[in-house]
Amino acid sequence: MTDRYPLAELKDLPDDIRAAVLAVQEKAGFVPNVFLGLARRPAEWRAFFAYHDALMLKEEGSLTKGDREMIVTATSAVNKCLYCVVAHGALLRVYEKKPLVADQVAVNWRKADITPRQRAMLEFAMKVCERSHEIDDSDFAPLHSHGFDDEDIWDIAAITAFFGLSNRMASFSGMQPNPEFFLMGRLPREKK
């Protein structure tokens with residue numbers, strides 16, 4: 001399977017997008033395909049990554065980076081998005097420092113080696129993902145009992161919804177995960 005839409009060339013990108021992509025490359029050591037896949041439409045790229053960063057990089061609230069990536073990995077698996085399961089599963093392994101957790105969460109999060117708090121979080125995220133029209137006040141109590149406040153619950157829902165969009169864009173376009181993602185977080189990093 002190959003990308004249905006060719007990845008943008010770095011040299012052809014507007015200056016602001018090129019700078020952002022180069023910063024990601026500097027940090028990660030490679031350019032995740034999503035950055036070049038969506039860059040074919042600069043205005044949409046900017047909007048997408050502005051919302052992505054607002055959700056995934058925020059400091060407020062009780063969701064950890066691992067929690068956020070766990071939501072993405074679990075809901076992307078339900079949405080059958082290869083790119084997002086592989087890419088965000090890699091980040092999940094790195095943030096949680098657990099080499100098996102992403103595979104467990106993607107295949108069956110109910111049997112994964114995660115905390116009861118994370119299980120409650122994923123239970124809610126899955127309902128938002130699959131049956132958001134059924135959400136009612138009773139869905140909030142289990143989250144509150146695990147220390148999530150209403151803003152955290154908004155974050156869980158917003159991450160789930162945003163990545164529903166991302167999953168569909170990646171899947172319809174045939175976006176493929178970078179090979180680097182498959183090994184990230186599986187083995188301890190070598191000390192330099």
# chains A, B, ... in the order shown; residues from 1 in each chain; ligands from 1
>>> residues_around(residues="Leu55 of chain A", least_positions_apart="6", cutoff="12 Å", atoms="only C-alpha atoms", output="PyMOL selection string")
chain A and resi 48-49+61+63-65+67-69+71-72+151-152+154-163
>>> write_last_selection(atoms="N, CA and C atoms", output="short mmCIF file (atom, residue, chain, number, x, y, z; two decimals), in the first residue's frame")
data_model
loop_
_atom_site.label_atom_id
_atom_site.label_comp_id
_atom_site.auth_asym_id
_atom_site.auth_seq_id
_atom_site.Cartn_x
_atom_site.Cartn_y
_atom_site.Cartn_z
N PHE A 48 -4.93 22.17 11.41
CA PHE A 48 -4.81 20.84 11.98
C PHE A 48 -3.77 20.82 13.10
N PHE A 49 -2.58 21.32 12.81
CA PHE A 49 -1.52 21.24 13.81
C PHE A 49 -1.70 22.24 14.95
N GLY A 61 -4.36 20.51 33.37
CA GLY A 61 -5.15 19.30 33.49
C GLY A 61 -4.35 18.13 34.03
N LEU A 63 -4.31 15.01 32.59
CA LEU A 63 -3.91 14.01 31.60
C LEU A 63 -2.41 14.13 31.32
N THR A 64 -1.72 13.01 31.41
CA THR A 64 -0.29 12.98 31.09
C THR A 64 -0.13 12.84 29.58
N LYS A 65 1.09 13.01 29.10
CA LYS A 65 1.35 12.77 27.68
C LYS A 65 1.03 11.32 27.33
N ASP A 67 -1.23 9.41 28.82
CA ASP A 67 -2.68 9.28 28.77
C ASP A 67 -3.21 9.73 27.41
N ARG A 68 -2.73 10.87 26.95
CA ARG A 68 -3.19 11.42 25.67
C ARG A 68 -2.89 10.45 24.53
N GLU A 69 -1.68 9.92 24.51
CA GLU A 69 -1.31 8.99 23.45
C GLU A 69 -2.07 7.67 23.57
N ILE A 71 -5.20 7.40 24.61
CA ILE A 71 -6.51 7.68 24.01
C ILE A 71 -6.42 7.58 22.49
N VAL A 72 -5.40 8.20 21.92
CA VAL A 72 -5.23 8.18 20.46
C VAL A 72 -5.03 6.75 19.96
N GLU A 151 -12.90 19.56 32.96
CA GLU A 151 -12.00 20.01 31.89
C GLU A 151 -11.18 18.83 31.36
N ASP A 152 -10.76 17.94 32.24
CA ASP A 152 -10.07 16.72 31.79
C ASP A 152 -10.99 15.89 30.90
N TRP A 154 -13.44 16.97 29.08
CA TRP A 154 -13.49 17.67 27.78
C TRP A 154 -12.28 17.27 26.95
N ASP A 155 -11.09 17.25 27.58
CA ASP A 155 -9.88 16.88 26.85
C ASP A 155 -9.97 15.46 26.29
N ILE A 156 -10.46 14.53 27.09
CA ILE A 156 -10.60 13.15 26.62
C ILE A 156 -11.50 13.12 25.38
N ALA A 157 -12.63 13.81 25.46
CA ALA A 157 -13.56 13.83 24.34
C ALA A 157 -12.97 14.55 23.13
N ALA A 158 -12.30 15.68 23.35
CA ALA A 158 -11.74 16.45 22.25
C ALA A 158 -10.62 15.69 21.54
N ILE A 159 -9.77 15.02 22.30
CA ILE A 159 -8.70 14.21 21.70
C ILE A 159 -9.32 13.09 20.86
N THR A 160 -10.32 12.43 21.41
CA THR A 160 -11.00 11.36 20.69
C THR A 160 -11.61 11.88 19.39
N ALA A 161 -12.30 12.99 19.46
CA ALA A 161 -12.96 13.54 18.28
C ALA A 161 -11.96 14.03 17.25
N PHE A 162 -10.93 14.74 17.69
CA PHE A 162 -9.92 15.25 16.76
C PHE A 162 -9.24 14.10 16.02
N PHE A 163 -8.90 13.05 16.75
CA PHE A 163 -8.22 11.95 16.08
C PHE A 163 -9.17 11.10 15.25
#
>>> residues_around(residues="segment 114-119 of chain A", least_positions_apart="6", cutoff="10 Å", atoms="only C-alpha atoms", output="list of chain:residue names")
A:Leu63, A:Gly66, A:Asp67, A:Met70, A:Ile71, A:Glu96, A:Val101, A:Gln104, A:Val105, A:Ala125, A:Pro142, A:Leu143, A:His144, A:Ser145, A:His146, A:Gly147, A:Phe148
>>> residues_around(residues="Ser76 of chain A", least_positions_apart="2", cutoff="10 Å", atoms="only C-alpha atoms", output="number ranges by chain")
A: 70-74, 78-86, 88-89, 106, 129, 160, 163-164, 166-168
>>> closest_residue(among="A:Ile135, A:Leu22, A:Met56, A:Val107", to="Leu36 of chain A", atoms="only C-alpha atoms")
A:Leu22
>>> closest_residue(among="A:Ala8, A:Met121, A:Leu38, A:Ala47", to="Thr75 of chain A", atoms="only C-alpha atoms")
A:Met121
>>> atom_distance(atom1="atom CA of Val31 of chain A", atom2="atom CA of Asn178 of chain A")
8.3 Å
>>> residues_around(residues="segment 12-20 of chain A", least_positions_apart="2", cutoff="8 Å", atoms="only C-alpha atoms", output="PyMOL selection string")
chain A and resi 8-10+22-24+39+42+46
>>> closest_residue(among="A:Leu57, A:Ser173, A:Ala102, A:Asp149", to="Arg40 of chain A", atoms="only C-alpha atoms")
A:Ser173
